[in-house]
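Reading through the structure tokens given below for one structure.
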Amino acid sequence: INDIDVLVFSPAILSLDPENKEISQSRDKLIPTMTWQQFIGRHLLKDKFVIALAGTHGKSTTAAMVGQILEYSGFDPTVVLGAKVIAWGKNHRVGKSVYFVIEADEYNNNFLNYHPSVVGVTSLEYDHPEFFKNLDQVKNSFEQFVAGMKENSTLILGPRVDLANTKGSTKKTTRLKNLRLKVIGRFNQTNAVVAAAVCREFGIGEEAIKSSLQKFEGIERRFEFKGEEKGVLVFDDYAHHPTAIKAILEAAREKFKENRIWVVFQPHLFSRVRAFFEDFAAALGSTDVDEVILLPVFAAREKDSGDVGSKQLATAIKGKKAKYLEDFESAATYLANRTVSRDVVLFLGAGDINKASQLLLKKLSNKA
């Protein structure tokens with residue numbers, strides 16, 4: 001602690017450990033302490049032309065799309081987002097130009113640390129019930145973010161984004177015709193249109209934008225193919241909100257029309273399960289899925305109150321084979337003994353469920 005000038009930390013640290021020793025000692029010694037979002041806003045974005053991508057869903061993917069379009073078009077941007085970009089093998093890109101693309105997260109009002117010149121909002125609905133009490137609070141947070149944009153800035157809204165208290169002098173609509181993406185799902189078509197609208201603000205033509213988007217391979221943990229063993233296809237996805245789950249299951253069924261689809265879901269946060277319990281049950285009970293396995297809730301910064309969890313969710317899923325299993329080992333063994341060639345297994349969740357996908361592949365490879 002004595003040898004540092006600034007202590008930068010994740011907001012999650014104080015949720016898990018409010019009396020964190022390093023943070024407390026730094027404050028006692030009058031060493032500046034700040035979240036990493038505050039650090040970026042105060043130091044890394046200084047004198048930069050900031051392009052921010054926000055939204056309940058799709059902001060990581062759209063930020064990556066914008067970053068790659070600008071990269072391919074010679075703008076040499078710096079990019080920072082919350083997931084690894086497949087093409088880069090990391091979650092950032094360091095450029096030499098003034099352009100800085102950042103994923104702007106609404107949780108904890110983190111994005112209020114940024115004052116961008118261009119903002120794209122992909123989607124907006126209720127989430128983060130551990131922080132926001134209702135949708136109105138979420139909208140208010142987004143409206144504060146937009147109000148903090150630089151003068152003469154540009155705001156781009158996805159097709160179903162309702163931000164009533166935003167004002168502008170000019171409105172225009174962006175469309176992309178005959179666009180074929182490597183990444184699946186109608187939601188990615190929406191992400192691509194928002195990315196295109198952002199990049200048109202820099203004078204990039206439609207053909208250059210489409211060419212870049214058609215090369216886009218996605219980001220880590222977004223319907224990411226983890227491998228194939230014994231003909232069983234294994235995918236991993238970050239979906240942890242009912243809307244995102246519904247969208248990815250529809251996309252999976254559209255891609256694998258005749259295959260049997262298994263879903264393994266690790267809910268993220270007890271507060272989210274409680275807030276969206278019926279919506280989770282409906283999304284996981286979709287006819288697009290053949291069988292669902294529920295794993296224990298990934299508690300992260302929360303404690304189990306005992307009133308709601310994966311067992312109750314498995315019981316609530318109607319018209320579908322839904323099963324609760326205690327751990328990754330049990331789930332991987334169960335699947336390895338029942339899946340056959342051409343089956344698709346999709347692991348969903350924002351926790352550490354990606355470890356379970358690797359465990360299944362290992363068990364399948366050892367299967368006689």
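Every chain in the structure tokens takes a letter, A first, then B, and so on in the order presented; its residues are numbered from 1, and the ligands are numbered from 1 following the presented order.
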Please, which residues of segment 217-316 of chain A, numbered as in this document, come out helix (DSSP H, G or I) from DSSP, as a PyMOL selection string?
chain A and resi 242-255+270-275+277-284+310-316
Give me, as a list of chain:residue names, all polymer residues having an atom no more than 8 Å from segment 303-316 of chain A, counting only C-alpha atoms and skipping those fewer than 2 positions away in the same chain.
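Non-adjacent residues within range: A:Pro267, A:Phe270, A:Val273, A:Arg274, A:Phe277, A:Glu278, A:Phe280, A:Ala281, A:Ile293, A:Leu294, A:Leu295, A:Pro296, A:Val297, A:Ala299, A:Arg301, A:Lys318, A:Ala322, A:Lys323, A:Tyr324.
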Name all residues at most 12 Å from Ile40 of chain A (count only C-alpha atoms; drop same-chain ones fewer than 6 positions away) and give them as a list in words.
Val8, Phe9, Met34, Lys46, Asp47, Lys48, Val50, Val79, Val80, Leu81, Phe100, Val101, Ile102, Glu103, Ala104, Asn110, Phe111, Leu112, Asn113, Tyr114 and His115 of chain A
Env of Pro129 of chain A: 9 Å cut, atoms = only C-alpha atoms, seq-sep filter 3 positions within chain, self excluded. Answer as a list in words.
Tyr126, Phe132, Lys133, Asn134, Ser271, Arg272, Arg274 and Ala275 of chain A
Distance query segment 11-13 of chain A at most 10 Å, only C-alpha atoms, self and fewer than 6 positions along chain excluded, as a PyMOL selection string
chain A and resi 19-20+23+34-37+107-108+110+300-301
Could those selected residues go to a file with C-alpha atoms, as a PDB file, in the first residue's frame?
ATOM      1  CA  GLU A  19     -14.403  -3.567   5.257  1.00  0.00           C
ATOM      2  CA  ASN A  20     -11.811  -4.599   2.678  1.00  0.00           C
ATOM      3  CA  ILE A  23      -9.234  -0.180   0.529  1.00  0.00           C
ATOM      4  CA  MET A  34     -11.671   4.646  -6.994  1.00  0.00           C
ATOM      5  CA  THR A  35     -13.560   1.994  -8.947  1.00  0.00           C
ATOM      6  CA  TRP A  36     -12.090   0.930 -12.253  1.00  0.00           C
ATOM      7  CA  GLN A  37     -14.974   2.686 -14.005  1.00  0.00           C
ATOM      8  CA  TYR A 107     -25.184  -1.694 -12.861  1.00  0.00           C
ATOM      9  CA  ASN A 108     -24.285   0.487  -9.867  1.00  0.00           C
ATOM     10  CA  ASN A 110     -21.186   2.668 -13.441  1.00  0.00           C
ATOM     11  CA  ALA A 300     -21.763 -14.029  -6.284  1.00  0.00           C
ATOM     12  CA  ARG A 301     -22.203 -11.094  -3.894  1.00  0.00           C
TER      13      ARG A 301
END
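Closest approach to Asn354 of chain A from the set A:Ala63, A:Ala239, A:Ala87, A:Leu70 is made by A:Ala239, with distances taken over only C-alpha atoms.
Between Ser357 of chain A and the residues A:His57, A:Arg221, A:His128, A:Lys320, the shortest atom-to-atom distance, using only C-alpha atoms, involves A:Arg221.
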Run DSSP on the backbone of this structure and report the residues of segment 179-235 of chain A it assigns to strand (DSSP E), as a list in words.
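Those in segment 179-235 of chain A that DSSP calls strand (DSSP E) are Glu224, Phe225, Lys226, Gly227, Glu228, Glu229, Val232, Leu233, Val234 and Phe235 of chain A.
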Could you tell me which of A:Val119, A:Val6, A:Ala195, A:Ile219 comes closest to Gly89 of chain A if we count only C-alpha atoms?
A:Ile219
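Minimum atom-to-atom distances from A:Asn337, A:Ser117, A:Ser24, A:Asn91 to Met149 of chain A were compared using only C-alpha atoms, and the lowest value belongs to A:Ser117.
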Find the residues around Ile248 of chain A up to 9 Å (only C-alpha atoms counted), leave out those fewer than 2 positions away in its own chain, and share them as a tab-separated table (two decimals) with N, CA and C atoms, in the first residue's frame.
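Final output, saved to part.tsv:
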chain	number	residue	atom	x	y	z
A	184	ILE	N	-25.23	-16.04	-34.68
A	184	ILE	CA	-26.63	-16.40	-34.88
A	184	ILE	C	-27.56	-15.48	-34.09
A	185	GLY	N	-28.84	-15.52	-34.45
A	185	GLY	CA	-29.89	-14.86	-33.67
A	185	GLY	C	-30.35	-13.54	-34.24
A	187	PHE	N	-31.42	-11.18	-32.48
A	187	PHE	CA	-30.90	-10.13	-31.60
A	187	PHE	C	-29.56	-9.61	-32.10
A	222	ARG	N	-20.78	-16.10	-25.91
A	222	ARG	CA	-22.03	-15.73	-26.58
A	222	ARG	C	-22.27	-16.78	-27.66
A	223	PHE	N	-23.04	-17.80	-27.31
A	223	PHE	CA	-23.23	-18.99	-28.14
A	223	PHE	C	-21.88	-19.46	-28.68
A	237	ASP	N	-23.06	-20.04	-23.24
A	237	ASP	CA	-23.62	-18.70	-23.44
A	237	ASP	C	-23.83	-18.02	-22.10
A	239	ALA	N	-26.12	-15.95	-21.23
A	239	ALA	CA	-27.51	-15.57	-20.95
A	239	ALA	C	-27.90	-15.89	-19.51
A	243	THR	N	-35.22	-12.77	-20.89
A	243	THR	CA	-35.29	-12.31	-22.28
A	243	THR	C	-34.13	-12.86	-23.09
A	244	ALA	N	-32.93	-12.82	-22.52
A	244	ALA	CA	-31.75	-13.33	-23.21
A	244	ALA	C	-31.83	-14.83	-23.41
A	245	ILE	N	-32.34	-15.54	-22.40
A	245	ILE	CA	-32.50	-17.00	-22.52
A	245	ILE	C	-33.48	-17.34	-23.63
A	246	LYS	N	-34.61	-16.68	-23.64
A	246	LYS	CA	-35.62	-16.92	-24.68
A	246	LYS	C	-35.03	-16.68	-26.06
A	250	GLU	N	-34.38	-19.62	-28.98
A	250	GLU	CA	-35.02	-19.50	-30.30
A	250	GLU	C	-33.96	-19.58	-31.40
A	251	ALA	N	-32.83	-18.90	-31.18
A	251	ALA	CA	-31.75	-18.91	-32.17
A	251	ALA	C	-31.15	-20.30	-32.32
A	252	ALA	N	-30.99	-21.01	-31.21
A	252	ALA	CA	-30.43	-22.36	-31.25
A	252	ALA	C	-31.36	-23.30	-32.01
A	253	ARG	N	-32.66	-23.19	-31.76
A	253	ARG	CA	-33.61	-24.06	-32.47
A	253	ARG	C	-33.67	-23.73	-33.95
Segment 171-182 of chain A environment, 10 Å, only C-alpha atoms, sequence neighbours closer than 6 positions dropped, as a list of chain:residue names
A:Leu155, A:Ile156, A:Leu157, A:Gly158, A:Pro159, A:Asn188, A:Gln189, A:Thr190, A:Ala192, A:Val193, A:Val194, A:Ala196, A:Ala197, A:Val198, A:Arg200, A:Glu206, A:Glu207, A:Ile209, A:Lys210, A:Ser211, A:Ser212, A:Leu213, A:Gln214, A:Lys215, A:Phe216, A:Glu217, A:Gly218
